[in-house]
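Engineer: Encoded as structure tokens, here's the structure I'll be asking about.
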Amino acid sequence: MARNEGSLTLTRSKDTSTGTFDEQGRLQQGTRTTGQASAGLVAGPEGFGGQGAASAQRTSAYGNGFTTTKSVAGNARVVVKATRVEETEPPAYQLMVTVTIGASGTVGGGAGRKGTANASLSVTGSVTGTFVHRFTEEETRRYLGDLARDGSGGAEQELRIVNLVARGGVDDARQLLTTLAAPLSAAEAARLGEGDQASLEARKGLGGSLGVSGAGRSPVGAEVSYSRSRSLKRTVARRGGAVLVTVEVVSESAKSIGASGSSGAVSGGLSYGRTTSEGRAVTFRLNPGDPDYQSRFDRILAVDGAAELAALAAADPTRVAGTESGSGWSTTLTPKVGVAGLEASISTTHSFSEKTLADETGTHRLFAGATGGGLKAGAASGPQLEYRTEQAVTAAVGPGNKATGDVSTTTSETDLGVSAHAPASAADQSPIASALKLATGGSKLLQSRTEVIGMKLSDDDFAAIASISREPGRWNHAFRGRIASFQDWQRLGRRIAAAGGDRAAMSRALAEYASENDGASDAVQAVVRPQGQAEGGVRYDWPAELAKEREAFETIVVGDRVAQLRARAAAGAFEEAQAGLKADNLRLARAARAITAASEQFTDVAAVAEMLRRIGDRQTEIRAELRRLKTALAPAPAQKETVGPPPAPAPDADAMEERNARIRSLIPALLTLRDQERAVFAEVRKELEHPPWYRGPDVIAVIQSLNKLKPVYTQWDPLVDRLREVFRERGEDGSRADAYAPDRRTYEALRRHPELTKYG
């Protein structure tokens with residue numbers, strides 16, 4: 001029985017050997033045949049399901065160390081994932097079923113007795129079908145029930161495949177999957193339900209490797225490998241009454257080289273790998289009512305390569321709904337050392353990619369570059385502690401030379417505290433699901449904590465980058481990273497200045513710099529927002545656990561959904577705009593509560609302060625828009641004749657509620673910042689007054705901790721000003737807000753501590 005990440009597998013094997021053997025039991029002349037069959041469960045982030053595999057290998061030894069090997073293998077996997085569609089009532093669910101069936105074959109040979117040389121050639125192939133449905137709660141329950149019965153009795157076509165896999169008919173299942181996942185008839189495509197889709201991806205690969213290894217007490221070895229693969233993916237979907245057919249062709253290549261050696265209980269190695277990819281996709285929109293619908297559909301599904309796909313799109317541009325093309329590369333360098341069953345490795349990664357997308361909104365170009373590094377240490381065949389960080393720059397350039405971007409630092413590390421509490425916490429929420437995930441490895445015994453800190457960039461921020469690039473002094477002052485990257489940073493500034501504001505050229509230059517140098521995210525942020533400033537970009541800090549809150553923030557605050565809904569109201573869709581604004585206001589309220597509740601999980605307190613400030617500002621804007629729509633939708637009041645003096649004006653209930661809402665938003669945010677400030681002060685006092693017995697206070701660490709509060713105060717002060725304004729609007733003393741202001745008296749007292757001033 002084997003437990004991997006997200007799967008639990010039971011394996012049965014058989015091993016038969018005939019011939020002559022040496023004193024270590026190694027086959028010298030004869031044959032050895034092995035076979036394996038396995039089945040198991042899948043339970044993890046990708047969903048729940050089952051899998052099975054079978055393989056056979058025959059090794060022939062001819063004497064004098066010469067051997068040949070032949071092997072074949074096959075596998076099948078079915079995973080289903082159900083997620084509730086947000087903001088639906090009655091509840092609606094999206095179900096995604098993924099079925100993968102694959103096969104591979106390998107031939108190889110080896111020669112040598114004391115030292116050996118070996119070579120192998122392998123061929124792989126797989127077919128993956130993905131089916132997406134949107135169901136009601138009752139339909140979801142029925143579907144999952146059919147799936148639990150191995151697909152028996154289910155009406156959906158993919159359940160027939162599941163039933164064949166469960167009964168062992170893998171070849172028949174593969175043939176049926178090929179037929180069903182990408183409908184071969186236009187009529188089958190037209191019968192898909194609105195929002196449903198089916199896709200088929202066929203992948204073929206060819207690879208080879210060469211290796212040599214020595215023998216003796218201190219053996220060394222080396223290996224090189226190369227592989228190429230090609231995939232063809234066809235997706236058929238029903239959207240807005242039309243049939244959308246997407247054909248995607250991707251080619252990939254990978255090469256690696258490695259060396260290793262050992263002496264006694266000590267071992268070491270070094271490996272380097274590089275992958276490249278290139279792809280093209282075209283989406284065609286077809287009307288099932290057109291007379292030539294059948295012939296067009298058949299021509300599209302017959303496409304089998306990138307050149308053929310490009311020619312078809314050029315020949316029938318009126319049917320093209322969108323195109324996509326792109327390429328990319330990545331590299332990994334990993335040295336490794338092991339001692340007495342323990343091992344440690346350090347990896348360095350670089351990557352770059354670019355894409356061009358075109359649809360009815362225009363042409364969009366995407367660029368991404370990243371550099372990262374990581375450390376793993378622990379048992380060679382057991383749990384390991386991990387730490388990894390990566391700085392990335394991404395940019396998107398749309399019509400009108402307008403750009404947006406994202407610069408980020410992603411950190412992932414083993415969290416022993418979370419690892420200890422995670423199983424019990426998960427079991428409290430869902431005992432069966434947590435047990436499955438723990439058994440299969442879908443829930444790791446050693447949990448990782450992942451956090452993304454960065455800044456969203458607008459087109460105005462790109463303009464600022466272009467402006468500062470023309471001032472070498474300011475540009476160089478913003479540099480962050482290793483000194484070896486400084487000259488590259490200077491060249492980047494000159495390159496951006498020469499681009500003359502061309503956003504695509506700027507974006508490519510920034511992404512290429514990030515793909516080759518560390519510190520790119522920090523440096524770009526220092527350009528956009530110099531130290532001491534509160535504006536420039538949109539700062540954020542998101543632990544992985546707050547994924548939903550991050551999506552709400554990026555959509556509503558960064559993406560400015562209010563402007564989109566305001567446009568819908570201007571077009572006459574008042575009720576739709578009103579419902580959308582109310583839903584967005586509720587999502588932001590939930591996000592703010594989640595941020596304050598999880599304040600201890602954040603590393604960048606200044607970013608948290610900014611997020612809370614921006615959420616509050618957007619909620620104020622949303623409430624103002626809701627009041628405007630309420631007035632527009634309200635019937636005109638009837639005119640009444642009045643006798644005597646006019647009545648006193650009624651209190652403005654809307655204004656009162658707005659002030660109360662702002663207070664409910666501001667005070668929790670300010671209290672969260674106060675808690676973070678106190679935590680920093682406590683940390684500093686502990687270091688200054690009670691350092692470890694073997695050393696004095698770490699003055700540098702204390703100064704760094706206090707310096708972290710400077711950008712926090714920059715974001716904190718505007719929140720206090722907003723609260724002071726609300727108190728005054730209520731006719732109260734605005735100085736009440738000072739109780740929620742930063743504790744600068746304590747800050748200055750700590751800065752003047754004797755340990756920090758005794759050296760001047």
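Each chain in the structure tokens gets a letter, A, B, ..., in the order shown, and its residues are numbered from 1; ligands are numbered from 1 in order too.
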Enumerate, in order of chain and increasing residue number, the residues of range 463-524 of chain A with an atom no farther than 8 Å from range 356-374 of chain A, each with its shortest atom pair and distance in Å to one decimal, counting only C-alpha atoms, as CSV.
Structural biologist:
```
residue,atom,partner,partner_atom,distance
A:Ala504,CA,A:Arg365,CA,7.2
A:Ser507,CA,A:Phe367,CA,6.5
A:Arg508,CA,A:Phe367,CA,6.0
A:Leu510,CA,A:Gly369,CA,7.8
A:Ala511,CA,A:Gly369,CA,4.3
A:Glu512,CA,A:Gly369,CA,5.8
A:Tyr513,CA,A:Gly369,CA,7.4
A:Ala514,CA,A:Gly369,CA,5.0
A:Ser515,CA,A:Gly369,CA,4.4
A:Glu516,CA,A:Thr371,CA,6.5
A:Asn517,CA,A:Thr371,CA,6.3
A:Asp518,CA,A:Thr371,CA,5.7
```
Engineer: Can you pull out every residue within 8 Å of Asp654 in chain A, counting only C-alpha atoms, but drop anything in the same chain fewer than 3 positions away, and send it as a list in words?
Structural biologist: Arg627, Glu657 and Glu658 of chain A
Engineer: Can you write out the residues you just picked, keeping N, CA and C atoms, as a tab-separated table (two decimals), in the first residue's frame?
Structural biologist:
```
chain	number	residue	atom	x	y	z
A	627	ARG	N	-27.81	54.37	-3.00
A	627	ARG	CA	-28.77	55.42	-2.67
A	627	ARG	C	-29.25	56.14	-3.93
A	657	GLU	N	-27.36	56.45	8.41
A	657	GLU	CA	-26.96	55.06	8.20
A	657	GLU	C	-25.58	54.98	7.56
A	658	GLU	N	-25.28	55.91	6.64
A	658	GLU	CA	-23.97	55.92	6.01
A	658	GLU	C	-22.87	56.17	7.03
```
Engineer: If you count only C-alpha atoms, which residues fall within 8 Å of Val250 in chain A, apart from same-chain ones fewer than 2 positions away, as a PyMOL selection string?
Structural biologist: chain A and resi 230-232+248+252+277-280
Engineer: Show me, as a PDB file with C-alpha atoms, in the first residue's frame, the residues that have an atom within 8 Å of Ala497 in chain A when counting only C-alpha atoms, minus same-chain residues fewer than 3 positions from it.
Structural biologist:
```
ATOM      1  CA  ALA A 466       8.459  55.192 -17.743  1.00  0.00           C
ATOM      2  CA  SER A 467       8.975  58.640 -16.223  1.00  0.00           C
ATOM      3  CA  SER A 469      13.381  55.381 -15.964  1.00  0.00           C
ATOM      4  CA  ARG A 470      14.446  58.649 -17.606  1.00  0.00           C
ATOM      5  CA  GLY A 493      16.004  51.475 -16.992  1.00  0.00           C
ATOM      6  CA  ARG A 494      17.639  52.489 -20.266  1.00  0.00           C
ATOM      7  CA  GLY A 500       8.965  55.761 -25.404  1.00  0.00           C
ATOM      8  CA  GLY A 501       5.920  54.675 -23.408  1.00  0.00           C
TER       9      GLY A 501
END
```
Engineer: Given the choices A:Ser381, A:Ser225, A:Ser71, A:Gln490, which gets closest to His477 in chain A if the distance is worked out from only C-alpha atoms?
Structural biologist: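 Of A:Ser381, A:Ser225, A:Ser71, A:Gln490, the one nearest His477 in chain A is A:Gln490, counting only C-alpha atoms.
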Engineer: Fewer than 4 positions away in the same chain doesn't count, so skip those; otherwise give me all residues within 7 Å of Leu270 in chain A, counting only C-alpha atoms, as a PyMOL selection string.
Structural biologist: chain A and resi 258-260+334-336
Engineer: Would you export the selected residues with C-alpha atoms as a PDB file, in the first residue's frame, please?
Structural biologist:
```
ATOM      1  CA  GLY A 258      22.650  15.355 -13.980  1.00  0.00           C
ATOM      2  CA  ALA A 259      25.586  13.911 -12.101  1.00  0.00           C
ATOM      3  CA  SER A 260      25.847  12.121  -8.782  1.00  0.00           C
ATOM      4  CA  THR A 334      19.289  21.680  -8.059  1.00  0.00           C
ATOM      5  CA  PRO A 335      22.367  20.648  -6.056  1.00  0.00           C
ATOM      6  CA  LYS A 336      21.720  17.932  -3.467  1.00  0.00           C
TER       7      LYS A 336
END
```
Engineer: Neighbours of Asp22 in chain A within 12 Å (only C-alpha atoms; same-chain residues fewer than 3 positions away dropped), as number ranges by chain?
Structural biologist: A: 19, 25-29, 63-65, 113
Engineer: Could you find all residues in range 300-433 of chain A that DSSP calls helix (DSSP H, G or I) from the backbone, and write them as an NGL selection string?
Structural biologist: :A and (300-301 or 306-315 or 317-319 or 399-401 or 416-429 or 431-433)
Engineer: Which neighbours of Ala310 in chain A fall inside 12 Å, counting only C-alpha atoms, when residues of the same chain fewer than 2 positions from it are skipped, and could you give them as a PyMOL selection string?
Structural biologist: chain A and resi 247-249+279-283+300+303-308+312-317+320+323-325
Engineer: Identify which of the residues A:Ala464, A:Leu286, A:Val726, A:Ala544 lies closest to Gln525 in chain A, counting only C-alpha atoms when measuring atom-to-atom distances.
Structural biologist: A:Ala464
Engineer: Could you state the separation of CA of Gly580 in chain A and CA of Val85 in chain A in Å, given to one decimal place?
Structural biologist: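 According to the coordinates, CA of Gly580 in chain A and CA of Val85 in chain A are separated by 15.2 Å.
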Engineer: Just checking: using only C-alpha atoms, which residue out of A:Leu719, A:Val220, A:Ala570, A:Ala463 ends up closest to Ala609 in chain A?
Structural biologist: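 Under the stated criterion, the closest residue is A:Leu719.
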Engineer: Taking only C-alpha atoms into account, name the residue in A:Ser458, A:Ser256, A:Gln578, A:Thr332 that is nearest to Gly207 in chain A.
Structural biologist: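 Nearest candidate to Gly207 in chain A out of A:Ser458, A:Ser256, A:Gln578, A:Thr332: A:Ser256.
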Engineer: For Gly537 in chain A, which residue among A:Ala103, A:Leu375, A:Val407, A:Val702 is the nearest when counting only C-alpha atoms?
Structural biologist: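 Of the candidates, the smallest distance to Gly537 in chain A is held by A:Val407.
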Engineer: Distance CA of Gln533 in chain A-CA of Lys710 in chain A, one decimal place?
Structural biologist: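 So the two atoms, CA of Gln533 in chain A and CA of Lys710 in chain A, lie 10.3 Å apart.
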Engineer: Identify which of the residues A:Gly536, A:Gly696, A:Gly112, A:Gly195 lies closest to Gly241 in chain A, counting only C-alpha atoms when measuring atom-to-atom distances.
Structural biologist: A:Gly195
Engineer: Could you tell me how far CA of Val608 in chain A sits from CA of Glu390 in chain A, in Å to one decimal place?
Structural biologist: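 That distance, rounded to one decimal, is 20.6 Å.
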